[in-house]
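The file start_34.pdb comes next; it holds PDB, C-alpha atoms.
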```
ATOM      1  CA  MET A   1      14.749 -14.474   6.093
ATOM      2  CA  SER A   2      18.283 -14.211   7.510
ATOM      3  CA  GLU A   3      19.902 -10.888   8.421
ATOM      4  CA  ALA A   4      22.359 -11.322   5.541
ATOM      5  CA  ALA A   5      19.486 -11.802   3.098
ATOM      6  CA  ASP A   6      17.712  -8.786   4.586
ATOM      7  CA  ARG A   7      20.807  -6.645   4.049
ATOM      8  CA  SER A   8      21.207  -7.994   0.513
ATOM      9  CA  ALA A   9      17.596  -7.119  -0.368
ATOM     10  CA  LEU A  10      17.966  -3.638   1.115
ATOM     11  CA  GLU A  11      21.185  -2.966  -0.760
ATOM     12  CA  ALA A  12      19.619  -4.195  -3.995
ATOM     13  CA  MET A  13      16.711  -1.790  -3.542
ATOM     14  CA  ARG A  14      19.005   1.117  -2.684
ATOM     15  CA  ALA A  15      21.075   0.409  -5.806
ATOM     16  CA  ARG A  16      18.052   0.159  -8.103
ATOM     17  CA  ARG A  17      17.887   2.733 -10.867
ATOM     18  CA  SER A  18      16.127   3.387 -14.135
ATOM     19  CA  TRP A  19      18.156   2.594 -17.260
ATOM     20  CA  SER A  20      17.260   5.071 -19.998
ATOM     21  CA  LYS A  21      19.872   3.498 -22.287
ATOM     22  CA  VAL A  22      20.139  -0.262 -22.704
ATOM     23  CA  THR A  23      21.881  -2.692 -25.038
ATOM     24  CA  ASP A  24      20.244  -4.967 -27.629
ATOM     25  CA  ALA A  25      20.217  -7.960 -25.279
ATOM     26  CA  ALA A  26      16.815  -8.942 -23.857
ATOM     27  CA  PRO A  27      15.315 -11.694 -21.701
ATOM     28  CA  ARG A  28      13.804 -14.632 -23.572
ATOM     29  CA  LYS A  29      10.133 -15.526 -23.344
ATOM     30  CA  ALA A  30      10.709 -18.354 -20.837
ATOM     31  CA  GLU A  31      12.624 -16.094 -18.430
ATOM     32  CA  LEU A  32      10.034 -13.351 -18.801
ATOM     33  CA  LEU A  33       7.184 -15.750 -17.979
ATOM     34  CA  THR A  34       9.002 -16.906 -14.839
ATOM     35  CA  LEU A  35       9.413 -13.330 -13.608
ATOM     36  CA  VAL A  36       5.821 -12.389 -14.482
ATOM     37  CA  SER A  37       4.553 -15.398 -12.527
ATOM     38  CA  ALA A  38       6.426 -14.122  -9.462
ATOM     39  CA  ALA A  39       5.260 -10.520  -9.974
ATOM     40  CA  ALA A  40       1.653 -11.739 -10.064
ATOM     41  CA  ARG A  41       1.836 -12.385  -6.312
ATOM     42  CA  VAL A  42       1.128  -8.738  -5.497
ATOM     43  CA  ALA A  43      -1.819  -7.928  -3.242
ATOM     44  CA  ASP A  44      -4.973  -8.456  -5.297
ATOM     45  CA  HIS A  45      -8.358  -7.914  -3.655
ATOM     46  CA  SER A  46     -10.687 -10.829  -4.551
ATOM     47  CA  SER A  47      -7.924 -12.272  -6.783
ATOM     48  CA  LEU A  48      -9.415 -10.603  -9.856
ATOM     49  CA  ARG A  49      -6.071 -10.378 -11.697
ATOM     50  CA  PRO A  50      -7.186  -7.164 -13.433
ATOM     51  CA  TRP A  51      -4.130  -6.835 -15.640
ATOM     52  CA  ARG A  52      -2.309  -8.229 -18.621
ATOM     53  CA  LEU A  53       1.028  -7.601 -20.327
ATOM     54  CA  ILE A  54       1.812  -7.303 -24.035
ATOM     55  CA  GLU A  55       5.384  -7.932 -25.201
ATOM     56  CA  LEU A  56       6.569  -5.952 -28.185
ATOM     57  CA  ARG A  57       9.616  -7.217 -30.041
ATOM     58  CA  GLY A  58      11.020  -6.559 -33.503
ATOM     59  CA  ASP A  59       8.573  -4.796 -35.823
ATOM     60  CA  ASP A  60       5.949  -4.607 -33.061
ATOM     61  CA  ARG A  61       7.895  -1.584 -31.826
ATOM     62  CA  ARG A  62       7.597   0.116 -35.227
ATOM     63  CA  THR A  63       3.840  -0.397 -35.140
ATOM     64  CA  LEU A  64       3.789   1.314 -31.756
ATOM     65  CA  GLY A  65       5.945   4.151 -33.143
ATOM     66  CA  ALA A  66       3.421   4.737 -35.926
ATOM     67  CA  ALA A  67       0.535   4.750 -33.416
ATOM     68  CA  ILE A  68       2.321   7.294 -31.210
ATOM     69  CA  ALA A  69       2.894   9.520 -34.255
ATOM     70  CA  ALA A  70      -0.794   9.294 -35.155
ATOM     71  CA  ALA A  71      -1.772  10.219 -31.602
ATOM     72  CA  GLU A  72       0.542  13.246 -31.603
ATOM     73  CA  GLY A  73      -0.235  14.342 -35.166
ATOM     74  CA  ASP A  74       3.319  13.727 -36.428
ATOM     75  CA  GLN A  75       4.164  12.688 -39.973
ATOM     76  CA  LYS A  76       7.099  10.443 -39.065
ATOM     77  CA  PRO A  77       6.776   7.393 -36.797
ATOM     78  CA  SER A  78       8.162   7.817 -33.296
ATOM     79  CA  THR A  79      11.518   6.148 -32.677
ATOM     80  CA  LYS A  80      11.018   5.942 -28.919
ATOM     81  CA  PRO A  81       9.952   2.274 -28.908
ATOM     82  CA  LEU A  82      13.187   1.374 -30.742
ATOM     83  CA  ARG A  83      15.283   2.396 -27.740
ATOM     84  CA  ALA A  84      14.938  -1.061 -26.173
ATOM     85  CA  PRO A  85      14.800  -4.551 -27.712
ATOM     86  CA  LEU A  86      11.850  -5.523 -25.514
ATOM     87  CA  VAL A  87       8.927  -3.240 -24.709
ATOM     88  CA  ILE A  88       6.297  -4.543 -22.278
ATOM     89  CA  ALA A  89       2.922  -2.808 -22.369
ATOM     90  CA  VAL A  90       1.172  -2.717 -18.968
ATOM     91  CA  VAL A  91      -2.601  -2.980 -19.288
ATOM     92  CA  ALA A  92      -5.234  -2.521 -16.577
ATOM     93  CA  SER A  93      -7.932  -5.015 -17.558
ATOM     94  CA  TYR A  94     -10.920  -4.228 -15.352
ATOM     95  CA  ARG A  95     -13.179  -7.001 -14.055
ATOM     96  CA  PRO A  96     -16.817  -6.659 -12.980
ATOM     97  CA  SER A  97     -16.884  -6.448  -9.186
ATOM     98  CA  GLY A  98     -19.177  -5.021  -6.555
ATOM     99  CA  LYS A  99     -16.364  -4.902  -4.003
ATOM    100  CA  VAL A 100     -13.263  -3.809  -5.915
ATOM    101  CA  PRO A 101     -13.518  -0.380  -7.635
ATOM    102  CA  ARG A 102     -11.693   0.420 -10.863
ATOM    103  CA  TRP A 103      -9.034   2.545  -9.172
ATOM    104  CA  GLU A 104      -8.079  -0.381  -6.927
ATOM    105  CA  GLN A 105      -7.846  -2.712  -9.911
ATOM    106  CA  GLU A 106      -5.610  -0.195 -11.668
ATOM    107  CA  ALA A 107      -3.419  -0.120  -8.543
ATOM    108  CA  VAL A 108      -3.024  -3.915  -8.810
ATOM    109  CA  ALA A 109      -1.906  -3.626 -12.441
ATOM    110  CA  SER A 110       0.583  -0.912 -11.462
ATOM    111  CA  GLY A 111       1.847  -3.110  -8.634
ATOM    112  CA  VAL A 112       2.481  -6.015 -10.995
ATOM    113  CA  ALA A 113       4.441  -3.751 -13.358
ATOM    114  CA  HIS A 114       6.501  -2.268 -10.526
ATOM    115  CA  VAL A 115       7.377  -5.642  -9.001
ATOM    116  CA  LEU A 116       8.227  -6.986 -12.451
ATOM    117  CA  SER A 117      10.603  -4.049 -12.992
ATOM    118  CA  LEU A 118      12.330  -4.879  -9.702
ATOM    119  CA  LEU A 119      12.619  -8.558 -10.611
ATOM    120  CA  LEU A 120      14.031  -7.722 -14.030
ATOM    121  CA  ASP A 121      16.572  -5.396 -12.450
ATOM    122  CA  GLU A 122      17.555  -8.062  -9.930
ATOM    123  CA  ALA A 123      17.970 -10.533 -12.811
ATOM    124  CA  GLY A 124      20.508  -8.191 -14.401
ATOM    125  CA  TRP A 125      18.345  -6.377 -16.951
ATOM    126  CA  GLY A 126      18.060  -2.637 -17.405
ATOM    127  CA  VAL A 127      14.493  -1.355 -17.056
ATOM    128  CA  PHE A 128      12.844   1.993 -17.659
ATOM    129  CA  TRP A 129       9.118   2.668 -17.172
ATOM    130  CA  ARG A 130       7.851   5.081 -19.846
ATOM    131  CA  THR A 131       4.502   6.830 -20.053
ATOM    132  CA  GLY A 132       3.015   9.768 -21.918
ATOM    133  CA  GLY A 133      -0.253  11.475 -22.720
ATOM    134  CA  TYR A 134      -0.673   9.234 -25.749
ATOM    135  CA  THR A 135      -1.007   6.116 -23.571
ATOM    136  CA  ARG A 136      -4.771   6.773 -23.419
ATOM    137  CA  SER A 137      -5.120   7.759 -27.081
ATOM    138  CA  ALA A 138      -7.317   5.847 -29.540
ATOM    139  CA  PRO A 139      -4.517   5.013 -32.057
ATOM    140  CA  VAL A 140      -2.270   3.571 -29.348
ATOM    141  CA  ALA A 141      -5.137   1.612 -27.794
ATOM    142  CA  ALA A 142      -6.053   0.185 -31.209
ATOM    143  CA  ALA A 143      -2.438  -0.817 -31.893
ATOM    144  CA  HIS A 144      -2.409  -2.840 -28.663
ATOM    145  CA  GLY A 145      -5.847  -4.363 -29.274
ATOM    146  CA  LEU A 146      -7.292  -2.996 -26.053
ATOM    147  CA  GLY A 147     -10.878  -3.740 -25.140
ATOM    148  CA  PRO A 148     -13.487  -1.226 -23.905
ATOM    149  CA  ASP A 149     -12.732  -2.105 -20.267
ATOM    150  CA  GLU A 150      -8.964  -1.744 -20.548
ATOM    151  CA  ASP A 151      -6.477   1.101 -20.059
ATOM    152  CA  LEU A 152      -2.825   1.303 -21.007
ATOM    153  CA  LEU A 153      -0.631   2.357 -18.063
ATOM    154  CA  GLY A 154       2.651   2.640 -19.948
ATOM    155  CA  TRP A 155       5.557   0.456 -21.022
ATOM    156  CA  LEU A 156       8.565  -1.201 -19.455
ATOM    157  CA  TYR A 157      11.561  -0.739 -21.751
ATOM    158  CA  VAL A 158      13.869  -3.707 -21.124
ATOM    159  CA  GLY A 159      17.384  -4.444 -22.356
ATOM    160  CA  GLY A 160      20.916  -5.194 -21.258
ATOM    161  CA  LYS A 161      22.751  -2.966 -18.803
ATOM    162  CA  PRO A 162      25.675  -1.138 -20.450
ATOM    163  CA  GLU A 163      28.978  -2.201 -18.926
ATOM    164  CA  ARG A 164      30.549   1.253 -18.903
ATOM    165  CA  SER A 165      27.678   3.159 -17.387
ATOM    166  CA  ARG A 166      28.383   5.621 -14.603
ATOM    167  CA  PRO A 167      26.941   4.709 -11.212
ATOM    168  CA  GLU A 168      23.914   6.826 -10.483
ATOM    169  CA  ARG A 169      24.300   9.164  -7.539
ATOM    170  CA  ARG A 170      20.929   9.339  -5.896
ATOM    171  CA  LYS A 171      20.436  10.706  -2.400
ATOM    172  CA  THR A 172      18.984   8.384   0.213
ATOM    173  CA  VAL A 173      15.371   9.263   0.911
ATOM    174  CA  ASP A 174      14.655  10.477   4.441
ATOM    175  CA  ALA A 175      11.514   8.491   5.241
ATOM    176  CA  ARG A 176      10.426  10.587   8.235
ATOM    177  CA  PRO A 177       8.479  13.251   6.309
ATOM    178  CA  PHE A 178       6.533  10.526   4.500
ATOM    179  CA  VAL A 179       5.460   8.438   7.523
ATOM    180  CA  SER A 180       2.990   9.902   9.992
ATOM    181  CA  ARG A 181       0.158   9.039  12.355
ATOM    182  CA  MET A 182      -3.534   9.839  12.091
ATOM    183  CA  PRO A 183      -4.423  13.383  13.229
ATOM    184  CA  SER A 184      -5.960  12.286  16.529
ATOM    185  CA  ALA A 185      -5.014  11.505  20.107
ATOM    186  CA  ALA A 186      -3.298   8.368  18.851
ATOM    187  CA  ALA A 187      -0.485  10.555  17.522
ATOM    188  CA  ALA A 188       0.546  11.730  20.978
ATOM    189  CA  PRO A 189       1.833   8.492  22.561
ATOM    190  CA  ASP A 190       4.843   8.161  20.249
ATOM    191  CA  ASP A 191       6.049  11.657  21.125
ATOM    192  CA  LEU A 192       5.447  11.126  24.830
ATOM    193  CA  THR A 193       7.157   7.758  24.816
ATOM    194  CA  HIS A 194      10.083   9.143  22.861
ATOM    195  CA  GLY A 195      10.421  12.013  25.342
ATOM    196  CA  ARG A 196      10.286   9.659  28.320
ATOM    197  CA  ASP A 197      12.927   7.367  26.835
ATOM    198  CA  ALA A 198      15.175  10.310  26.012
ATOM    199  CA  ALA A 199      14.839  11.665  29.532
ATOM    200  CA  ALA A 200      15.749   8.287  30.980
ATOM    201  CA  ALA A 201      18.782   8.056  28.701
ATOM    202  CA  ASN A 202      19.957  11.521  29.820
ATOM    203  CA  GLY A 203      19.496  10.679  33.484
ATOM    204  CA  LYS A 204      16.842  13.338  33.997
ATOM    205  CA  GLY A 205      14.170  11.025  35.306
ATOM    206  CA  THR A 206      10.444  11.643  35.212
ATOM    207  CA  LYS A 207       7.786  12.604  37.666
ATOM    208  CA  GLY A 208       6.812   9.783  39.958
ATOM    209  CA  ASP A 209      10.167   7.956  39.719
ATOM    210  CA  LYS A 210      11.791   6.870  42.977
ATOM    211  CA  GLY A 211      15.515   6.925  43.250
ATOM    212  CA  ARG A 212      18.127   5.622  45.626
ATOM    213  CA  GLY A 213      18.594   7.511  48.848
ATOM    214  CA  LYS A 214      16.725  10.587  49.912
ATOM    215  CA  GLY A 215      15.787  13.687  48.088
ATOM    216  CA  LYS A 216      15.498  13.892  44.332
ATOM    217  CA  GLY A 217      16.649  10.394  43.515
ATOM    218  CA  THR A 218      19.117   9.380  40.832
ATOM    219  CA  GLY A 219      18.159  11.917  38.211
ATOM    220  CA  LYS A 220      17.155  15.532  38.016
ATOM    221  CA  GLY A 221      13.506  16.252  38.507
ATOM    222  CA  THR A 222      12.777  12.861  40.108
ATOM    223  CA  LYS A 223      10.752  12.958  43.289
ATOM    224  CA  GLY A 224      10.405  10.501  46.117
ATOM    225  CA  LYS A 225      12.204   9.082  49.129
ATOM    226  CA  GLY A 226      13.368   5.658  50.031
ATOM    227  CA  ARG A 227      15.498   3.058  48.461
ATOM    228  CA  ARG A 228      12.797   1.135  46.764
ATOM    229  CA  GLY A 229       9.849   2.969  45.367
ATOM    230  CA  LYS A 230       7.683   3.225  42.368
ATOM    231  CA  THR A 231       9.346   3.096  38.986
ATOM    232  CA  SER A 232       8.377   5.277  36.046
ATOM    233  CA  LYS A 233       5.051   4.514  34.411
ATOM    234  CA  PRO A 234       5.321   2.147  31.462
ATOM    235  CA  PRO A 235       4.201   3.457  28.065
ATOM    236  CA  THR A 236       0.444   3.466  27.672
ATOM    237  CA  ASP A 237      -0.896   0.538  25.669
ATOM    238  CA  TRP A 238      -3.231   2.506  23.429
ATOM    239  CA  ALA A 239      -4.237  -0.555  21.455
ATOM    240  CA  ALA A 240      -5.477  -2.235  24.667
ATOM    241  CA  LYS A 241      -7.336   0.933  25.598
ATOM    242  CA  ALA A 242      -9.027   0.936  22.205
ATOM    243  CA  ARG A 243     -10.062  -2.703  22.633
ATOM    244  CA  LYS A 244     -11.535  -1.952  26.071
ATOM    245  CA  ALA A 245     -13.423   1.029  24.713
ATOM    246  CA  GLU A 246     -14.808  -1.096  21.885
ATOM    247  CA  THR A 247     -15.933  -3.793  24.328
ATOM    248  CA  LYS A 248     -17.558  -1.151  26.514
ATOM    249  CA  ALA A 249     -19.377   0.291  23.510
ATOM    250  CA  ARG A 250     -20.659  -3.147  22.493
ATOM    251  CA  LYS A 251     -22.010  -3.769  26.014
ATOM    252  CA  ALA A 252     -23.684  -0.366  26.056
ATOM    253  CA  ALA A 253     -25.296  -1.099  22.679
ATOM    254  CA  SER A 254     -26.505  -4.465  23.985
ATOM    255  CA  ARG A 255     -28.048  -2.806  27.048
ATOM    256  CA  ALA A 256     -29.733  -0.234  24.814
ATOM    257  CA  ARG A 257     -31.220  -2.977  22.639
ATOM    258  CA  LYS A 258     -32.575  -4.787  25.710
ATOM    259  CA  ALA A 259     -34.070  -1.565  27.065
ATOM    260  CA  GLU A 260     -35.712  -0.884  23.711
ATOM    261  CA  ALA A 261     -37.135  -4.417  23.661
ATOM    262  CA  LYS A 262     -38.601  -3.905  27.135
ATOM    263  CA  ALA A 263     -40.115  -0.593  26.087
ATOM    264  CA  VAL A 264     -41.717  -2.189  23.025
ATOM    265  CA  ALA A 265     -43.142  -4.975  25.193
ATOM    266  CA  ALA A 266     -44.528  -2.440  27.669
ATOM    267  CA  ARG A 267     -46.205  -0.470  24.881
ATOM    268  CA  ALA A 268     -47.707  -3.664  23.518
ATOM    269  CA  ARG A 269     -49.150  -4.530  26.928
ATOM    270  CA  ALA A 270     -50.559  -1.018  27.304
ATOM    271  CA  ILE A 271     -52.337  -1.283  23.960
ATOM    272  CA  ASP A 272     -53.439  -4.855  24.505
ATOM    273  CA  GLY A 273     -54.979  -4.155  27.959
ATOM    274  CA  PRO A 274     -57.937  -2.008  26.821
ATOM    275  CA  ALA A 275     -58.544  -4.353  23.919
ATOM    276  CA  ARG A 276     -58.934  -7.263  26.308
ATOM    277  CA  ALA A 277     -61.292  -5.257  28.529
ATOM    278  CA  ASP A 278     -63.483  -4.434  25.517
ATOM    279  CA  ALA A 279     -63.578  -8.061  24.519
ATOM    280  CA  ALA A 280     -64.553  -9.316  28.033
ATOM    281  CA  PRO A 281     -67.940 -11.255  28.405
ATOM    282  CA  ALA A 282     -71.029  -9.190  29.448
ATOM    283  CA  SER A 283     -71.508 -11.298  32.573
ATOM    284  CA  ASP A 284     -68.227  -9.986  33.932
ATOM    285  CA  ALA A 285     -69.329  -6.350  33.656
ATOM    286  CA  GLN A 286     -70.139  -4.394  36.836
ATOM    287  CA  PRO A 287     -73.805  -3.604  37.536
TER
END
```
Would it be possible to restate this file's structure as structure tokens?
Amino acid sequence: MSEAADRSALEAMRARRSWSKVTDAAPRKAELLTLVSAAARVADHSSLRPWRLIELRGDDRRTLGAAIAAAEGDQKPSTKPLRAPLVIAVVASYRPSGKVPRWEQEAVASGVAHVLSLLLDEAGWGVFWRTGGYTRSAPVAAAHGLGPDEDLLGWLYVGGKPERSRPERRKTVDARPFVSRMPSAAAAPDDLTHGRDAAAANGKGTKGDKGRGKGKGTGKGTKGKGRRGKTSKPPTDWAAKARKAETKARKAASRARKAEAKAVAARARAIDGPARADAAPASDAQP
């Protein structure tokens, strides 16, 4: 992908927003199928495709409104489904699998819905993902025709984007608090490397660097004499260290297995020796 395309994709994601109010325009079935086919490319362990979508148009939305009212104990049907011309129910449809647990299959269904919402937004449609406690209620499940191994995850409300809508002012997310390393020694290298690079940029140098001329070298805190000397240590390749440690562990395990095999053979010989002596011919016995 070109840099221009990268920037375009980033800007599109930064501009994405939820549209709580949409117009009566809606994508046709053919366009929806094209976008769903693309959304289906999300990561899917064992390619189970544990999901399905139900499109609600016209009076289908009124049926959903009545089911929501029944779930909440209201007398009047809910008008929420009428807020968009197209309502897409997202269903986790679990498949029997010894490798892929139900929670992972539900994550796949959620991923399909999320990617579909992005594709719809990119295609010019307003999208809003709605949920509620009644999504797992019996009346709502019956209205959608859900099976015993299916759960409703919510709905995508889809419609046209109003022309005179105010641009949403959403702060850019600072990703640093949400990205971290494992709580182990592997977390240290980044900090050390960052500190070393910062010191080099400030001209402070690091221990073991050799500078030009005599004395402390080119930067503060740098030791060594001579014009040409050792440079600063490169960042530690922790991945290579891990590979070496793994190889060493495998060799040690192999040696342990061989030693165990020898011990078993020795025990067998020790047991077999007296048995052979007992079975020896009488003529061989000592007087």
As an exercise, work out the distance from CA of Arg181 (chain A) to CA of Pro235 (chain A) in Å and give it to one decimal place.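 Interatomic distance, CA of Arg181 (chain A) to CA of Pro235 (chain A): 17.2 Å.
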What is the CA of Arg52 (chain A)-CA of Ser93 (chain A) distance in Å, reported with one decimal? 6.6 Å
Pick out the residues sitting within 12 Å of region 106-110 of chain A, and hand them over as JSON, numbers by chain; count all atoms listed in the file, and ignore anything fewer than 5 positions along from it in its own chain. {"A": [36, 39, 40, 41, 42, 43, 44, 45, 46, 47, 48, 49, 50, 51, 52, 53, 89, 90, 91, 92, 93, 94, 95, 100, 101, 115, 116, 117, 129, 149, 150, 151, 152, 153, 154, 155, 156]}
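Picture a line from CA of Ser184 (chain A) to CA of Ala256 (chain A); it runs 28.1 Å.
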Lys21 (chain A): which residues within 10 Å, counting only C-alpha atoms, same-chain residues fewer than 6 positions away excluded, as a ChimeraX atom specification? /A:83-84,126-128,157-162,165
I need the chosen residues saved as an mmCIF file, in the frame of the given file, with C-alpha atoms.
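And here's selection.cif as it stands now:
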```cif
data_model
loop_
_atom_site.group_PDB
_atom_site.id
_atom_site.type_symbol
_atom_site.label_atom_id
_atom_site.label_comp_id
_atom_site.auth_asym_id
_atom_site.auth_seq_id
_atom_site.Cartn_x
_atom_site.Cartn_y
_atom_site.Cartn_z
ATOM 1 C CA ARG A 83 15.283 2.396 -27.740
ATOM 2 C CA ALA A 84 14.938 -1.061 -26.173
ATOM 3 C CA GLY A 126 18.060 -2.637 -17.405
ATOM 4 C CA VAL A 127 14.493 -1.355 -17.056
ATOM 5 C CA PHE A 128 12.844 1.993 -17.659
ATOM 6 C CA TYR A 157 11.561 -0.739 -21.751
ATOM 7 C CA VAL A 158 13.869 -3.707 -21.124
ATOM 8 C CA GLY A 159 17.384 -4.444 -22.356
ATOM 9 C CA GLY A 160 20.916 -5.194 -21.258
ATOM 10 C CA LYS A 161 22.751 -2.966 -18.803
ATOM 11 C CA PRO A 162 25.675 -1.138 -20.450
ATOM 12 C CA SER A 165 27.678 3.159 -17.387
#
```
Expansion of the PyMOL selection byres ((chain A and resi 65-71) around 8) into residues, as an NGL selection string: :A and (61-64 or 72-81 or 134 or 137-140 or 143)
Quick one: of A:Leu35, A:Ile54, A:Val173, A:Leu118, who's nearest to Leu86 (chain A), counting only C-alpha atoms? A:Ile54
Complete region 240-266 of chain A with N, CA and C atoms (output as an mmCIF file, keeping the file's coordinate frame).
```
data_model
loop_
_atom_site.group_PDB
_atom_site.id
_atom_site.type_symbol
_atom_site.label_atom_id
_atom_site.label_comp_id
_atom_site.auth_asym_id
_atom_site.auth_seq_id
_atom_site.Cartn_x
_atom_site.Cartn_y
_atom_site.Cartn_z
ATOM 1 N N ALA A 240 -4.646 -1.580 23.652
ATOM 2 C CA ALA A 240 -5.477 -2.235 24.667
ATOM 3 C C ALA A 240 -6.610 -1.316 25.100
ATOM 4 N N LYS A 241 -6.297 -0.026 25.229
ATOM 5 C CA LYS A 241 -7.336 0.933 25.598
ATOM 6 C C LYS A 241 -8.443 0.964 24.548
ATOM 7 N N ALA A 242 -8.035 0.912 23.282
ATOM 8 C CA ALA A 242 -9.027 0.936 22.205
ATOM 9 C C ALA A 242 -9.905 -0.308 22.253
ATOM 10 N N ARG A 243 -9.285 -1.462 22.543
ATOM 11 C CA ARG A 243 -10.062 -2.703 22.633
ATOM 12 C C ARG A 243 -11.064 -2.631 23.784
ATOM 13 N N LYS A 244 -10.631 -2.080 24.929
ATOM 14 C CA LYS A 244 -11.535 -1.952 26.071
ATOM 15 C C LYS A 244 -12.692 -1.021 25.748
ATOM 16 N N ALA A 245 -12.370 0.079 25.073
ATOM 17 C CA ALA A 245 -13.423 1.029 24.713
ATOM 18 C C ALA A 245 -14.428 0.392 23.761
ATOM 19 N N GLU A 246 -13.927 -0.428 22.832
ATOM 20 C CA GLU A 246 -14.808 -1.096 21.885
ATOM 21 C C GLU A 246 -15.719 -2.082 22.600
ATOM 22 N N THR A 247 -15.138 -2.843 23.552
ATOM 23 C CA THR A 247 -15.933 -3.793 24.328
ATOM 24 C C THR A 247 -17.007 -3.069 25.129
ATOM 25 N N LYS A 248 -16.614 -1.940 25.727
ATOM 26 C CA LYS A 248 -17.558 -1.151 26.514
ATOM 27 C C LYS A 248 -18.693 -0.638 25.649
ATOM 28 N N ALA A 249 -18.360 -0.219 24.427
ATOM 29 C CA ALA A 249 -19.377 0.291 23.510
ATOM 30 C C ALA A 249 -20.341 -0.821 23.098
ATOM 31 N N ARG A 250 -19.789 -2.023 22.860
ATOM 32 C CA ARG A 250 -20.659 -3.147 22.493
ATOM 33 C C ARG A 250 -21.631 -3.487 23.624
ATOM 34 N N LYS A 251 -21.144 -3.471 24.873
ATOM 35 C CA LYS A 251 -22.010 -3.769 26.014
ATOM 36 C C LYS A 251 -23.094 -2.715 26.152
ATOM 37 N N ALA A 252 -22.697 -1.444 25.956
ATOM 38 C CA ALA A 252 -23.684 -0.366 26.056
ATOM 39 C C ALA A 252 -24.752 -0.518 24.973
ATOM 40 N N ALA A 253 -24.335 -0.894 23.767
ATOM 41 C CA ALA A 253 -25.296 -1.099 22.679
ATOM 42 C C ALA A 253 -26.235 -2.253 22.994
ATOM 43 N N SER A 254 -25.681 -3.314 23.608
ATOM 44 C CA SER A 254 -26.505 -4.465 23.985
ATOM 45 C C SER A 254 -27.535 -4.067 25.039
ATOM 46 N N ARG A 255 -27.109 -3.263 26.018
ATOM 47 C CA ARG A 255 -28.048 -2.806 27.048
ATOM 48 C C ARG A 255 -29.135 -1.931 26.430
ATOM 49 N N ALA A 256 -28.749 -1.106 25.465
ATOM 50 C CA ALA A 256 -29.733 -0.234 24.814
ATOM 51 C C ALA A 256 -30.763 -1.056 24.044
ATOM 52 N N ARG A 257 -30.279 -2.127 23.369
ATOM 53 C CA ARG A 257 -31.220 -2.977 22.639
ATOM 54 C C ARG A 257 -32.198 -3.665 23.582
ATOM 55 N N LYS A 258 -31.700 -4.131 24.737
ATOM 56 C CA LYS A 258 -32.575 -4.787 25.710
ATOM 57 C C LYS A 258 -33.605 -3.808 26.261
ATOM 58 N N ALA A 259 -33.147 -2.575 26.550
ATOM 59 C CA ALA A 259 -34.070 -1.565 27.065
ATOM 60 C C ALA A 259 -35.144 -1.239 26.036
ATOM 61 N N GLU A 260 -34.743 -1.160 24.768
ATOM 62 C CA GLU A 260 -35.712 -0.884 23.711
ATOM 63 C C GLU A 260 -36.720 -2.018 23.591
ATOM 64 N N ALA A 261 -36.229 -3.262 23.734
ATOM 65 C CA ALA A 261 -37.135 -4.417 23.661
ATOM 66 C C ALA A 261 -38.152 -4.382 24.802
ATOM 67 N N LYS A 262 -37.687 -4.005 25.997
ATOM 68 C CA LYS A 262 -38.601 -3.905 27.135
ATOM 69 C C LYS A 262 -39.650 -2.817 26.900
ATOM 70 N N ALA A 263 -39.185 -1.687 26.347
ATOM 71 C CA ALA A 263 -40.115 -0.593 26.087
ATOM 72 C C ALA A 263 -41.175 -1.008 25.074
ATOM 73 N N VAL A 264 -40.764 -1.715 24.028
ATOM 74 C CA VAL A 264 -41.717 -2.189 23.025
ATOM 75 C C VAL A 264 -42.736 -3.134 23.651
ATOM 76 N N ALA A 265 -42.243 -4.040 24.532
ATOM 77 C CA ALA A 265 -43.142 -4.975 25.193
ATOM 78 C C ALA A 265 -44.134 -4.245 26.089
ATOM 79 N N ALA A 266 -43.648 -3.203 26.786
ATOM 80 C CA ALA A 266 -44.528 -2.440 27.669
ATOM 81 C C ALA A 266 -45.605 -1.718 26.860
#
```
